[in-house]
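S.K.: Got a file for you: protein-v2.cif, mmCIF, C-alpha atoms.
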```cif
data_query
#
loop_
_atom_site.group_PDB
_atom_site.id
_atom_site.type_symbol
_atom_site.label_atom_id
_atom_site.label_comp_id
_atom_site.auth_asym_id
_atom_site.auth_seq_id
_atom_site.Cartn_x
_atom_site.Cartn_y
_atom_site.Cartn_z
ATOM 1 C CA MET A 1 21.595 -34.116 71.584
ATOM 2 C CA THR A 2 19.266 -32.788 68.917
ATOM 3 C CA ASN A 3 20.895 -32.123 65.544
ATOM 4 C CA GLU A 4 20.560 -28.647 64.076
ATOM 5 C CA MET A 5 18.698 -30.030 61.090
ATOM 6 C CA ILE A 6 15.435 -29.571 59.228
ATOM 7 C CA LEU A 7 13.794 -32.756 57.986
ATOM 8 C CA THR A 8 11.186 -32.515 55.216
ATOM 9 C CA LEU A 9 8.804 -35.194 53.974
ATOM 10 C CA ILE A 10 8.233 -35.777 50.251
ATOM 11 C CA GLU A 11 4.627 -36.518 49.308
ATOM 12 C CA HIS A 12 4.034 -38.468 46.108
ATOM 13 C CA ARG A 13 1.158 -40.197 44.375
ATOM 14 C CA ASN A 14 0.713 -42.240 41.190
ATOM 15 C CA ASN A 15 4.461 -42.205 40.544
ATOM 16 C CA GLU A 16 4.589 -38.389 40.596
ATOM 17 C CA ILE A 17 6.021 -35.969 43.134
ATOM 18 C CA ARG A 18 3.206 -33.724 44.337
ATOM 19 C CA GLU A 19 3.826 -30.028 43.687
ATOM 20 C CA VAL A 20 3.440 -29.204 47.364
ATOM 21 C CA SER A 21 6.623 -31.218 47.990
ATOM 22 C CA TRP A 22 8.649 -28.843 45.809
ATOM 23 C CA GLU A 23 7.171 -25.933 47.763
ATOM 24 C CA LEU A 24 8.185 -27.675 50.970
ATOM 25 C CA LEU A 25 11.773 -28.042 49.781
ATOM 26 C CA ALA A 26 11.877 -24.353 48.866
ATOM 27 C CA ALA A 27 10.549 -23.463 52.319
ATOM 28 C CA ALA A 28 13.084 -25.733 54.015
ATOM 29 C CA GLU A 29 15.916 -24.159 52.037
ATOM 30 C CA ASN A 30 14.692 -20.753 53.172
ATOM 31 C CA PHE A 31 14.542 -21.835 56.827
ATOM 32 C CA CYS A 32 17.975 -23.470 56.647
ATOM 33 C CA SER A 33 19.489 -20.255 55.350
ATOM 34 C CA GLN A 34 17.601 -18.081 57.844
ATOM 35 C CA PHE A 35 18.310 -20.181 60.950
ATOM 36 C CA SER A 36 21.704 -21.709 59.972
ATOM 37 C CA LEU A 37 20.380 -25.276 59.897
ATOM 38 C CA ALA A 38 21.304 -28.286 57.785
ATOM 39 C CA MET A 39 18.713 -29.890 55.525
ATOM 40 C CA ALA A 40 17.647 -33.491 55.039
ATOM 41 C CA THR A 41 14.700 -34.993 53.189
ATOM 42 C CA VAL A 42 12.846 -38.276 53.608
ATOM 43 C CA MET A 43 10.712 -40.204 51.149
ATOM 44 C CA LEU A 44 8.827 -43.463 51.714
ATOM 45 C CA GLY A 45 7.657 -45.792 48.968
ATOM 46 C CA HIS A 46 8.334 -48.784 46.728
ATOM 47 C CA ASP A 47 9.877 -48.903 43.234
ATOM 48 C CA CYS A 48 10.444 -45.140 43.270
ATOM 49 C CA ASP A 49 13.969 -44.970 41.830
ATOM 50 C CA SER A 50 13.052 -42.422 39.150
ATOM 51 C CA LEU A 51 11.388 -40.214 41.758
ATOM 52 C CA ILE A 52 14.231 -40.285 44.246
ATOM 53 C CA ASN A 53 16.691 -39.279 41.519
ATOM 54 C CA GLU A 54 14.427 -36.325 40.758
ATOM 55 C CA VAL A 55 14.223 -35.278 44.409
ATOM 56 C CA ALA A 56 17.979 -35.703 44.920
ATOM 57 C CA LYS A 57 18.534 -32.780 42.545
ATOM 58 C CA ARG A 58 16.987 -30.547 45.192
ATOM 59 C CA ALA A 59 17.996 -32.301 48.409
ATOM 60 C CA SER A 60 21.463 -32.394 49.946
ATOM 61 C CA ILE A 61 20.635 -35.655 51.722
ATOM 62 C CA LEU A 62 17.674 -37.854 50.824
ATOM 63 C CA TYR A 63 16.656 -40.772 53.002
ATOM 64 C CA TYR A 64 14.664 -43.231 50.898
ATOM 65 C CA LEU A 65 12.947 -45.819 53.076
ATOM 66 C CA GLU A 66 11.664 -48.597 50.858
ATOM 67 C CA SER A 67 9.168 -51.391 51.477
ATOM 68 C CA GLU A 68 6.444 -53.045 49.440
ATOM 69 C CA GLN A 69 4.088 -52.148 52.291
ATOM 70 C CA LEU A 70 4.912 -48.470 51.759
ATOM 71 C CA LYS A 71 3.862 -48.420 48.111
ATOM 72 C CA TYR A 72 0.566 -46.793 49.083
ATOM 73 C CA TYR A 73 0.101 -44.287 51.870
ATOM 74 C CA SER A 74 -0.938 -45.697 55.233
ATOM 75 C CA CYS A 75 -0.659 -43.458 58.280
ATOM 76 C CA ASP A 76 0.313 -46.098 60.828
ATOM 77 C CA ARG A 77 2.935 -47.663 58.530
ATOM 78 C CA TYR A 78 4.365 -44.327 57.492
ATOM 79 C CA CYS A 79 4.535 -43.033 61.051
ATOM 80 C CA TYR A 80 6.062 -46.244 62.396
ATOM 81 C CA VAL A 81 8.929 -45.870 59.930
ATOM 82 C CA LEU A 82 9.215 -42.105 60.360
ATOM 83 C CA GLU A 83 9.363 -42.334 64.148
ATOM 84 C CA SER A 84 12.389 -44.628 63.909
ATOM 85 C CA LEU A 85 14.183 -42.259 61.547
ATOM 86 C CA ILE A 86 13.333 -39.190 63.645
ATOM 87 C CA LYS A 87 14.616 -40.847 66.828
ATOM 88 C CA LYS A 88 17.824 -41.664 64.985
ATOM 89 C CA LEU A 89 18.383 -38.237 63.389
ATOM 90 C CA GLU A 90 16.863 -36.068 66.148
ATOM 91 C CA PRO A 91 16.099 -33.172 63.774
ATOM 92 C CA ARG A 92 15.408 -29.722 65.168
ATOM 93 C CA ILE A 93 12.382 -29.132 62.931
ATOM 94 C CA ILE A 94 10.179 -31.522 60.958
ATOM 95 C CA VAL A 95 8.385 -29.798 58.076
ATOM 96 C CA LEU A 96 5.259 -31.389 56.600
ATOM 97 C CA PRO A 97 2.794 -30.202 53.953
ATOM 98 C CA HIS A 98 -0.576 -29.106 55.320
ATOM 99 C CA THR A 99 -2.446 -31.655 53.215
ATOM 100 C CA ILE A 100 -4.799 -34.446 54.285
ATOM 101 C CA GLN A 101 -1.775 -36.735 54.507
ATOM 102 C CA GLY A 102 0.471 -34.195 56.208
ATOM 103 C CA MET A 103 -2.118 -33.259 58.832
ATOM 104 C CA GLU A 104 -2.658 -36.903 59.749
ATOM 105 C CA ILE A 105 1.070 -37.646 59.983
ATOM 106 C CA GLY A 106 1.762 -34.466 61.976
ATOM 107 C CA ALA A 107 -0.811 -35.253 64.650
ATOM 108 C CA TYR A 108 0.252 -38.917 64.843
ATOM 109 C CA LEU A 109 3.970 -38.102 65.187
ATOM 110 C CA ALA A 110 3.347 -35.320 67.712
ATOM 111 C CA ALA A 111 1.427 -37.715 69.943
ATOM 112 C CA GLY A 112 3.887 -40.575 69.521
ATOM 113 C CA LEU A 113 7.047 -38.523 69.978
ATOM 114 C CA LYS A 114 5.501 -36.139 72.538
ATOM 115 C CA VAL A 115 6.656 -33.036 70.685
ATOM 116 C CA PRO A 116 4.790 -29.807 69.806
ATOM 117 C CA TYR A 117 2.959 -29.525 66.492
ATOM 118 C CA LEU A 118 2.096 -26.222 64.770
ATOM 119 C CA PRO A 119 -0.292 -26.905 61.853
ATOM 120 C CA ASP A 120 -1.291 -24.781 58.859
ATOM 121 C CA CYS A 121 1.578 -22.293 59.134
ATOM 122 C CA LEU A 122 2.464 -19.606 56.626
ATOM 123 C CA ASP A 123 5.953 -19.017 58.006
ATOM 124 C CA LEU A 124 8.321 -19.824 60.857
ATOM 125 C CA ALA A 125 10.168 -17.441 63.192
ATOM 126 C CA PHE A 126 12.517 -17.763 66.146
ATOM 127 C CA GLU A 127 12.376 -15.075 68.834
ATOM 128 C CA SER A 128 13.358 -14.919 72.495
ATOM 129 C CA GLY A 129 14.443 -18.541 72.486
ATOM 130 C CA SER A 130 11.158 -19.921 71.127
ATOM 131 C CA TRP A 131 9.966 -21.114 67.745
ATOM 132 C CA GLN A 132 6.885 -19.317 66.462
ATOM 133 C CA GLY A 133 4.496 -20.498 63.779
ATOM 134 C CA ILE A 134 2.803 -17.732 61.784
ATOM 135 C CA ARG A 135 -0.836 -18.580 61.090
ATOM 136 C CA GLU A 136 -3.923 -16.845 59.731
ATOM 137 C CA LEU A 137 -6.968 -16.371 61.942
ATOM 138 C CA TYR A 138 -10.598 -15.459 61.336
ATOM 139 C CA GLY A 139 -10.540 -16.472 57.694
ATOM 140 C CA GLY A 140 -7.297 -14.622 56.972
ATOM 141 C CA LYS A 141 -8.324 -11.284 58.465
ATOM 142 C CA VAL A 142 -5.421 -11.308 60.938
ATOM 143 C CA LYS A 143 -2.193 -13.208 61.480
ATOM 144 C CA GLY A 144 -1.183 -14.784 64.768
ATOM 145 C CA GLU A 145 2.143 -15.915 66.188
ATOM 146 C CA PHE A 146 1.919 -19.235 68.015
ATOM 147 C CA LEU A 147 4.759 -20.171 70.351
ATOM 148 C CA SER A 148 5.776 -23.803 70.570
ATOM 149 C CA SER A 149 6.204 -25.408 73.958
ATOM 150 C CA SER A 150 9.740 -26.136 75.117
ATOM 151 C CA SER A 151 11.060 -29.128 73.193
ATOM 152 C CA ASP A 152 14.160 -30.259 71.335
ATOM 153 C CA THR A 153 12.051 -31.038 68.252
ATOM 154 C CA LEU A 154 9.187 -29.159 66.593
ATOM 155 C CA ILE A 155 6.739 -30.341 63.929
ATOM 156 C CA ILE A 156 5.106 -27.798 61.619
ATOM 157 C CA SER A 157 2.902 -28.136 58.557
ATOM 158 C CA LEU A 158 3.000 -25.465 55.871
ATOM 159 C CA ARG A 159 -0.010 -24.349 53.872
ATOM 160 C CA PRO A 160 0.257 -25.213 50.156
ATOM 161 C CA GLY A 161 0.757 -22.217 47.911
ATOM 162 C CA THR A 162 2.669 -20.242 50.531
ATOM 163 C CA PHE A 163 6.199 -20.701 49.158
ATOM 164 C CA ASP A 164 7.317 -20.413 45.550
ATOM 165 C CA TYR A 165 9.200 -23.341 44.104
ATOM 166 C CA PHE A 166 11.581 -23.318 41.197
ATOM 167 C CA ASP A 167 13.472 -25.745 38.985
ATOM 168 C CA ALA A 168 16.998 -25.686 40.271
ATOM 169 C CA GLY A 169 19.042 -28.307 41.900
ATOM 170 C CA ASN A 170 22.034 -29.902 43.416
ATOM 171 C CA PRO A 171 22.937 -32.902 41.235
ATOM 172 C CA GLU A 172 25.376 -34.032 43.930
ATOM 173 C CA GLY A 173 22.560 -34.800 46.389
ATOM 174 C CA GLU A 174 23.286 -37.939 48.410
ATOM 175 C CA ILE A 175 20.730 -40.768 48.429
ATOM 176 C CA LEU A 176 20.697 -43.013 51.485
ATOM 177 C CA LYS A 177 18.461 -45.966 50.647
ATOM 178 C CA GLU A 178 17.287 -48.458 53.232
ATOM 179 C CA SER A 179 14.953 -51.436 52.819
ATOM 180 C CA ILE A 180 12.465 -51.731 55.677
ATOM 181 C CA ASP A 181 10.981 -55.077 56.724
ATOM 182 C CA LEU A 182 7.415 -54.517 57.917
ATOM 183 C CA ASN A 183 6.137 -58.063 57.454
ATOM 184 C CA THR A 184 6.492 -58.992 61.124
ATOM 185 C CA LYS A 185 4.778 -55.846 62.375
ATOM 186 C CA LYS A 186 1.004 -55.768 62.892
ATOM 187 C CA PHE A 187 -0.802 -52.589 61.883
ATOM 188 C CA MET A 188 -4.344 -51.414 62.481
ATOM 189 C CA SER A 189 -5.038 -50.753 58.793
ATOM 190 C CA ARG A 190 -4.353 -52.500 55.498
ATOM 191 C CA PHE A 191 -4.442 -51.371 51.897
ATOM 192 C CA ILE A 192 -7.364 -52.759 49.906
ATOM 193 C CA GLU A 193 -7.757 -50.677 46.770
ATOM 194 C CA LEU A 194 -6.826 -47.282 45.333
ATOM 195 C CA ILE A 195 -9.926 -45.574 43.968
ATOM 196 C CA GLN A 196 -9.081 -42.626 41.766
ATOM 197 C CA PRO A 197 -11.447 -39.620 41.664
ATOM 198 C CA GLN A 198 -13.097 -38.827 38.364
ATOM 199 C CA PRO A 199 -10.768 -36.563 36.385
ATOM 200 C CA GLY A 200 -11.936 -32.988 35.948
ATOM 201 C CA ASP A 201 -12.266 -31.369 32.551
ATOM 202 C CA VAL A 202 -9.145 -29.265 33.201
ATOM 203 C CA ASP A 203 -6.494 -28.677 35.864
ATOM 204 C CA ILE A 204 -6.736 -24.971 36.648
ATOM 205 C CA THR A 205 -3.465 -25.071 38.628
ATOM 206 C CA LYS A 206 -1.467 -25.642 35.426
ATOM 207 C CA PHE A 207 -2.393 -22.380 33.689
ATOM 208 C CA ASP A 208 -0.414 -19.133 33.666
ATOM 209 C CA ILE A 209 -3.597 -17.084 33.207
ATOM 210 C CA VAL A 210 -6.759 -17.704 35.234
ATOM 211 C CA VAL A 211 -10.046 -15.803 34.949
ATOM 212 C CA GLY A 212 -12.074 -16.203 38.132
ATOM 213 C CA VAL A 213 -15.814 -15.558 38.146
ATOM 214 C CA GLY A 214 -18.019 -14.915 41.149
ATOM 215 C CA ARG A 215 -21.563 -14.341 42.262
ATOM 216 C CA GLY A 216 -21.574 -11.013 40.385
ATOM 217 C CA LEU A 217 -22.305 -12.888 37.142
ATOM 218 C CA GLY A 218 -25.967 -13.046 38.143
ATOM 219 C CA ASP A 219 -26.840 -16.300 36.385
ATOM 220 C CA LYS A 220 -25.288 -19.343 34.720
ATOM 221 C CA GLU A 221 -26.163 -18.285 31.170
ATOM 222 C CA LYS A 222 -23.650 -15.428 31.308
ATOM 223 C CA ILE A 223 -20.627 -17.665 31.909
ATOM 224 C CA GLY A 224 -20.042 -17.991 28.155
ATOM 225 C CA LEU A 225 -18.767 -14.411 27.958
ATOM 226 C CA PHE A 226 -16.036 -15.135 30.492
ATOM 227 C CA GLU A 227 -15.105 -18.411 28.787
ATOM 228 C CA GLN A 228 -14.494 -16.319 25.655
ATOM 229 C CA PHE A 229 -12.399 -13.917 27.724
ATOM 230 C CA ALA A 230 -10.276 -16.737 29.176
ATOM 231 C CA ASP A 231 -9.848 -18.343 25.744
ATOM 232 C CA ALA A 232 -8.796 -15.033 24.173
ATOM 233 C CA LEU A 233 -6.103 -14.689 26.849
ATOM 234 C CA GLY A 234 -4.941 -18.284 26.449
ATOM 235 C CA GLY A 235 -6.023 -19.058 29.987
ATOM 236 C CA THR A 236 -8.740 -20.977 31.788
ATOM 237 C CA LEU A 237 -11.898 -20.250 33.740
ATOM 238 C CA ALA A 238 -12.140 -20.660 37.528
ATOM 239 C CA ALA A 239 -14.763 -19.792 40.110
ATOM 240 C CA SER A 240 -15.461 -18.768 43.675
ATOM 241 C CA ARG A 241 -17.366 -21.158 45.932
ATOM 242 C CA PRO A 242 -20.840 -19.591 45.461
ATOM 243 C CA VAL A 243 -20.610 -20.180 41.710
ATOM 244 C CA VAL A 244 -19.756 -23.838 42.294
ATOM 245 C CA ASP A 245 -22.398 -24.268 45.010
ATOM 246 C CA MET A 246 -25.049 -22.965 42.607
ATOM 247 C CA GLY A 247 -23.952 -25.514 40.008
ATOM 248 C CA TRP A 248 -22.767 -22.991 37.446
ATOM 249 C CA LEU A 249 -19.286 -24.555 37.200
ATOM 250 C CA PRO A 250 -17.911 -27.933 38.396
ATOM 251 C CA ARG A 251 -16.069 -28.354 41.698
ATOM 252 C CA GLU A 252 -12.752 -28.815 39.849
ATOM 253 C CA ARG A 253 -12.898 -25.132 38.907
ATOM 254 C CA GLN A 254 -13.202 -23.812 42.475
ATOM 255 C CA VAL A 255 -10.456 -21.590 43.885
ATOM 256 C CA GLY A 256 -10.197 -20.975 47.610
ATOM 257 C CA GLN A 257 -9.857 -22.478 51.043
ATOM 258 C CA SER A 258 -12.163 -25.392 50.224
ATOM 259 C CA GLY A 259 -11.068 -25.549 46.585
ATOM 260 C CA LYS A 260 -7.749 -25.353 44.777
ATOM 261 C CA THR A 261 -4.776 -23.065 45.274
ATOM 262 C CA VAL A 262 -3.602 -21.402 42.066
ATOM 263 C CA LYS A 263 -0.461 -19.327 41.521
ATOM 264 C CA PRO A 264 -0.701 -18.114 37.911
ATOM 265 C CA LYS A 265 1.210 -15.249 36.371
ATOM 266 C CA LEU A 266 -2.113 -13.410 35.975
ATOM 267 C CA TYR A 267 -5.370 -13.819 37.921
ATOM 268 C CA ILE A 268 -8.382 -11.742 36.872
ATOM 269 C CA ALA A 269 -11.237 -11.704 39.392
ATOM 270 C CA CYS A 270 -14.529 -10.856 37.691
ATOM 271 C CA GLY A 271 -17.484 -10.133 39.936
ATOM 272 C CA ILE A 272 -15.681 -11.637 42.940
ATOM 273 C CA SER A 273 -15.971 -9.555 46.088
ATOM 274 C CA GLY A 274 -12.836 -11.048 47.628
ATOM 275 C CA ALA A 275 -13.920 -13.031 50.671
ATOM 276 C CA SER A 276 -10.961 -14.259 52.700
ATOM 277 C CA GLN A 277 -11.767 -17.895 51.883
ATOM 278 C CA HIS A 278 -11.317 -17.134 48.178
ATOM 279 C CA LEU A 279 -8.220 -14.987 48.630
ATOM 280 C CA ILE A 280 -6.421 -17.876 50.327
ATOM 281 C CA GLY A 281 -6.542 -19.786 47.052
ATOM 282 C CA MET A 282 -5.294 -17.090 44.663
ATOM 283 C CA LYS A 283 -3.317 -14.396 46.465
ATOM 284 C CA GLY A 284 -0.056 -16.083 45.419
ATOM 285 C CA ALA A 285 -0.663 -15.013 41.805
ATOM 286 C CA LYS A 286 2.099 -12.827 40.357
ATOM 287 C CA THR A 287 -0.364 -10.189 39.171
ATOM 288 C CA ILE A 288 -3.968 -9.810 40.353
ATOM 289 C CA VAL A 289 -6.608 -7.758 38.534
ATOM 290 C CA GLY A 290 -9.938 -7.098 40.243
ATOM 291 C CA ILE A 291 -13.071 -6.048 38.336
ATOM 292 C CA ASN A 292 -16.053 -5.202 40.514
ATOM 293 C CA ALA A 293 -18.850 -2.644 40.609
ATOM 294 C CA ASP A 294 -18.340 -2.086 44.338
ATOM 295 C CA PRO A 295 -15.373 0.258 44.970
ATOM 296 C CA ASN A 296 -15.151 -1.067 48.534
ATOM 297 C CA ALA A 297 -14.914 -4.742 47.525
ATOM 298 C CA PRO A 298 -12.114 -6.509 49.482
ATOM 299 C CA ILE A 299 -10.624 -7.807 46.233
ATOM 300 C CA PHE A 300 -9.155 -4.344 45.664
ATOM 301 C CA ASN A 301 -7.082 -4.691 48.841
ATOM 302 C CA VAL A 302 -4.990 -7.448 47.220
ATOM 303 C CA ALA A 303 -5.284 -6.472 43.543
ATOM 304 C CA ASP A 304 -2.316 -4.993 41.708
ATOM 305 C CA PHE A 305 -4.779 -3.365 39.296
ATOM 306 C CA GLY A 306 -8.424 -2.604 39.957
ATOM 307 C CA ILE A 307 -11.311 -1.700 37.647
ATOM 308 C CA VAL A 308 -14.453 -0.326 39.264
ATOM 309 C CA GLY A 309 -17.285 -1.019 36.854
ATOM 310 C CA ASP A 310 -19.913 -3.379 35.497
ATOM 311 C CA ILE A 311 -18.154 -6.571 34.367
ATOM 312 C CA PHE A 312 -20.592 -6.872 31.436
ATOM 313 C CA GLU A 313 -19.500 -3.467 30.187
ATOM 314 C CA VAL A 314 -15.791 -3.973 30.903
ATOM 315 C CA ILE A 315 -15.169 -7.472 29.522
ATOM 316 C CA PRO A 316 -16.585 -7.286 25.922
ATOM 317 C CA PRO A 317 -14.300 -4.427 24.785
ATOM 318 C CA MET A 318 -11.353 -6.192 26.432
ATOM 319 C CA ILE A 319 -12.101 -9.327 24.387
ATOM 320 C CA GLU A 320 -12.286 -7.267 21.192
ATOM 321 C CA ALA A 321 -9.014 -5.519 22.011
ATOM 322 C CA ILE A 322 -7.241 -8.833 22.664
ATOM 323 C CA LYS A 323 -8.580 -10.356 19.439
ATOM 324 C CA SER A 324 -7.515 -7.320 17.421
ATOM 325 C CA LYS A 325 -3.981 -7.641 18.753
ATOM 326 C CA THR A 326 -3.736 -11.372 18.009
ATOM 327 C CA SER A 327 -5.496 -11.441 14.618
#
```
Taking this structure as input, can you express it in the form of structure tokens?
M.R.:
Amino acid sequence: MTNEMILTLIEHRNNEIREVSWELLAAAENFCSQFSLAMATVMLGHDCDSLINEVAKRASILYYLESEQLKYYSCDRYCYVLESLIKKLEPRIIVLPHTIQGMEIGAYLAAGLKVPYLPDCLDLAFESGSWQGIRELYGGKVKGEFLSSSSDTLIISLRPGTFDYFDAGNPEGEILKESIDLNTKKFMSRFIELIQPQPGDVDITKFDIVVGVGRGLGDKEKIGLFEQFADALGGTLAASRPVVDMGWLPRERQVGQSGKTVKPKLYIACGISGASQHLIGMKGAKTIVGINADPNAPIFNVADFGIVGDIFEVIPPMIEAIKSKTS
């Protein structure tokens, strides 16, 4: 008999919980309240005591499955261990992050357990006896409802940046730790080396104020004006994909479907038309300001405040006004 439970997976790297995991816990809490389900969380790793204590503040029950062979992510090892736990718990819903790791695990578990998998969801609904995953189609132009096939268990992956997370917790969370012996099991892959990407000059996801620049700048030499604008606001500079593709700003500054997802308190889009691929990465901002010469630019459909005008006429007086207030 399947338990009326949601099971979430914690993703971590370099001895840090990834932010998407906190979003996942917030989403799971929302689903538990909405559908009257219990909540459990699972984390795999090695020497992660400080991390599991951190997660336990947000999880009612945390299953920590520990093995030296789980220190670094490996899909076949992770899924071998997760399949055993899932067969034991028989959760109603398994919630994964829609990351490179989450997508791989979701597909692997769905095939191994023979259960439906709804990837890249924005939300979850239950109507007429069926679970429905809410997804975006055609680059975010429309939303679709995808029904899962009949099954006791459903796997979904949630798009990062969809759910807000917050620092709150349940210090009474129970930790159920189990050591897993994987030495006698043969796997198709083995860990050789962890190669870290070159660090970017700044992490745009950490800022409360982000100034995004787009193709409307015209050329690379004009970026300095918007760097001044971002600095005056105490924020950072970001970009749409065309700006990055043209080499005007580094890839680490890209916001959008193929870049980073930002959720600042204030996002100012300068010369960005508002293509759906870009909106995916910034529409979770608390306040969005669009500045564009085209009154029909799609950015105005999501902006809380819109300025129709030439960005090179609008921005300089704004910088002067900000400086006069802070001097």
S.K.: What residues come out when you apply the PyMOL selection byres ((chain A and resi 322) around 12) to this file, written as a PyMOL selection string?
M.R.: chain A and resi 228-234+315-321+323-327
S.K.: Could you please take those selected residues and save C-alpha atoms as a compact mmCIF listing (two decimals), in the frame of the given file?
M.R.:
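Full text of again-v6.txt as output:
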```
# COMPACT_ATOMS: atom_id res chain seq x y z
CA GLN A 228 -14.49 -16.32 25.66
CA PHE A 229 -12.40 -13.92 27.72
CA ALA A 230 -10.28 -16.74 29.18
CA ASP A 231 -9.85 -18.34 25.74
CA ALA A 232 -8.80 -15.03 24.17
CA LEU A 233 -6.10 -14.69 26.85
CA GLY A 234 -4.94 -18.28 26.45
CA ILE A 315 -15.17 -7.47 29.52
CA PRO A 316 -16.58 -7.29 25.92
CA PRO A 317 -14.30 -4.43 24.78
CA MET A 318 -11.35 -6.19 26.43
CA ILE A 319 -12.10 -9.33 24.39
CA GLU A 320 -12.29 -7.27 21.19
CA ALA A 321 -9.01 -5.52 22.01
CA LYS A 323 -8.58 -10.36 19.44
CA SER A 324 -7.52 -7.32 17.42
CA LYS A 325 -3.98 -7.64 18.75
CA THR A 326 -3.74 -11.37 18.01
CA SER A 327 -5.50 -11.44 14.62
```
S.K.: Given the file shown, enumerate the residues that the PyMOL selection byres ((chain A and resi 219) around 12) captures and present them as JSON, numbers by chain.
M.R.: {"A": [213, 214, 215, 216, 217, 218, 220, 221, 222, 223, 224, 225, 242, 243, 244, 246, 247, 248, 249, 271]}
S.K.: Just the number, please: distance in Å from atom CA of Leu9 of chain A to atom CA of Gly133 of chain A, one decimal.
M.R.: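 Computing it gives 18.2 Å between the two atoms.
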S.K.: Would you mind reading off the distance between atom CA of Ile94 of chain A and atom CA of Leu154 of chain A, one decimal, in Å?
M.R.: 6.2 Å
S.K.: Which of these, A:Val142, A:Glu54, A:Leu7, A:Ile156, has the shortest distance to Leu85 of chain A once you count only C-alpha atoms?
M.R.: A:Leu7
S.K.: Name the closest residue to Asp47 of chain A among the candidates A:Ser74, A:Asn14, A:Asn292, A:Ser33; distances are taken between atoms, counting only C-alpha atoms.
M.R.: A:Asn14
S.K.: When the PyMOL selection byres ((chain A and resi 76) around 10) is applied to the file above, which residues end up in the set, as a list in words?
M.R.: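 Applied to this file, the PyMOL selection byres ((chain A and resi 76) around 10) selects Tyr73, Ser74, Cys75, Arg77, Tyr78, Cys79, Tyr80, Val81, Leu82, Glu104, Ile105, Tyr108, Leu109, Lys186, Phe187, Met188, Ser189 and Arg190 of chain A.
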S.K.: I need the residues from that last selection saved to file as a PDB file, keeping the file's coordinate frame (with C-alpha atoms), if you can.
M.R.:
```
ATOM      1  CA  TYR A  73       0.101 -44.287  51.870  1.00  0.00           C
ATOM      2  CA  SER A  74      -0.938 -45.697  55.233  1.00  0.00           C
ATOM      3  CA  CYS A  75      -0.659 -43.458  58.280  1.00  0.00           C
ATOM      4  CA  ARG A  77       2.935 -47.663  58.530  1.00  0.00           C
ATOM      5  CA  TYR A  78       4.365 -44.327  57.492  1.00  0.00           C
ATOM      6  CA  CYS A  79       4.535 -43.033  61.051  1.00  0.00           C
ATOM      7  CA  TYR A  80       6.062 -46.244  62.396  1.00  0.00           C
ATOM      8  CA  VAL A  81       8.929 -45.870  59.930  1.00  0.00           C
ATOM      9  CA  LEU A  82       9.215 -42.105  60.360  1.00  0.00           C
ATOM     10  CA  GLU A 104      -2.658 -36.903  59.749  1.00  0.00           C
ATOM     11  CA  ILE A 105       1.070 -37.646  59.983  1.00  0.00           C
ATOM     12  CA  TYR A 108       0.252 -38.917  64.843  1.00  0.00           C
ATOM     13  CA  LEU A 109       3.970 -38.102  65.187  1.00  0.00           C
ATOM     14  CA  LYS A 186       1.004 -55.768  62.892  1.00  0.00           C
ATOM     15  CA  PHE A 187      -0.802 -52.589  61.883  1.00  0.00           C
ATOM     16  CA  MET A 188      -4.344 -51.414  62.481  1.00  0.00           C
ATOM     17  CA  SER A 189      -5.038 -50.753  58.793  1.00  0.00           C
ATOM     18  CA  ARG A 190      -4.353 -52.500  55.498  1.00  0.00           C
TER      19      ARG A 190
END
```
S.K.: Please compute the atom CA of Glu145 of chain A-atom CA of Gln34 of chain A distance, one decimal, in Å.
M.R.: 17.7 Å
S.K.: Given the choices A:Trp131, A:Trp22, A:Phe146, A:Tyr63, which gets closest to Leu96 of chain A if the distance is worked out from only C-alpha atoms?
M.R.: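 Among A:Trp131, A:Trp22, A:Phe146, A:Tyr63, it is A:Trp22 that comes nearest to Leu96 of chain A.
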S.K.: Excluding Asn53 of chain A and its own-chain neighbours fewer than 6 positions away, which residues fall within 10 Å of it when counting only C-alpha atoms? Please give them as a PyMOL selection string.
M.R.: chain A and resi 59+62+171+173-175
S.K.: Have a look at A:Thr99, A:Thr184, A:Ser130, A:Thr153 and name the one nearest to Ser258 of chain A; count all atoms listed in the file.
M.R.: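 Going through A:Thr99, A:Thr184, A:Ser130, A:Thr153 one by one, the smallest distance to Ser258 of chain A is for A:Thr99.
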S.K.: I want to know what sits within 8 Å of His278 of chain A, based on all atoms listed in the file, with residues of the same chain fewer than 3 positions away left out; could you give that as a list in words?
M.R.: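 Counting all atoms listed in the file, the residues come to Ser240, Arg241, Val255, Gly256, Gln257, Gly274, Ala275, Gly281 and Met282 of chain A.
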S.K.: At a cut-off of 7 Å, using only C-alpha atoms, what residues contact Val210 of chain A? Leave out same-chain residues fewer than 3 positions from it and give the result as a PDB file with C-alpha atoms, in the coordinates of the input.
M.R.:
```pdb
ATOM      1  CA  PHE A 207      -2.393 -22.380  33.689  1.00  0.00           C
ATOM      2  CA  GLY A 235      -6.023 -19.058  29.987  1.00  0.00           C
ATOM      3  CA  THR A 236      -8.740 -20.977  31.788  1.00  0.00           C
ATOM      4  CA  LEU A 237     -11.898 -20.250  33.740  1.00  0.00           C
ATOM      5  CA  ALA A 238     -12.140 -20.660  37.528  1.00  0.00           C
ATOM      6  CA  PRO A 264      -0.701 -18.114  37.911  1.00  0.00           C
ATOM      7  CA  LEU A 266      -2.113 -13.410  35.975  1.00  0.00           C
ATOM      8  CA  TYR A 267      -5.370 -13.819  37.921  1.00  0.00           C
ATOM      9  CA  ILE A 268      -8.382 -11.742  36.872  1.00  0.00           C
TER      10      ILE A 268
END
```
S.K.: Where's the centre, and what are the edge lengths in Å to one decimal, of a box along x, y and z enclosing all listed atoms of segment 313-321 of chain A padded 5 Å per side, as AutoDock Vina command-line options?
M.R.:
```
--center_x -14.3 --center_y -6.4 --center_z 26.0 --size_x 20.5 --size_y 15.9 --size_z 19.7
```
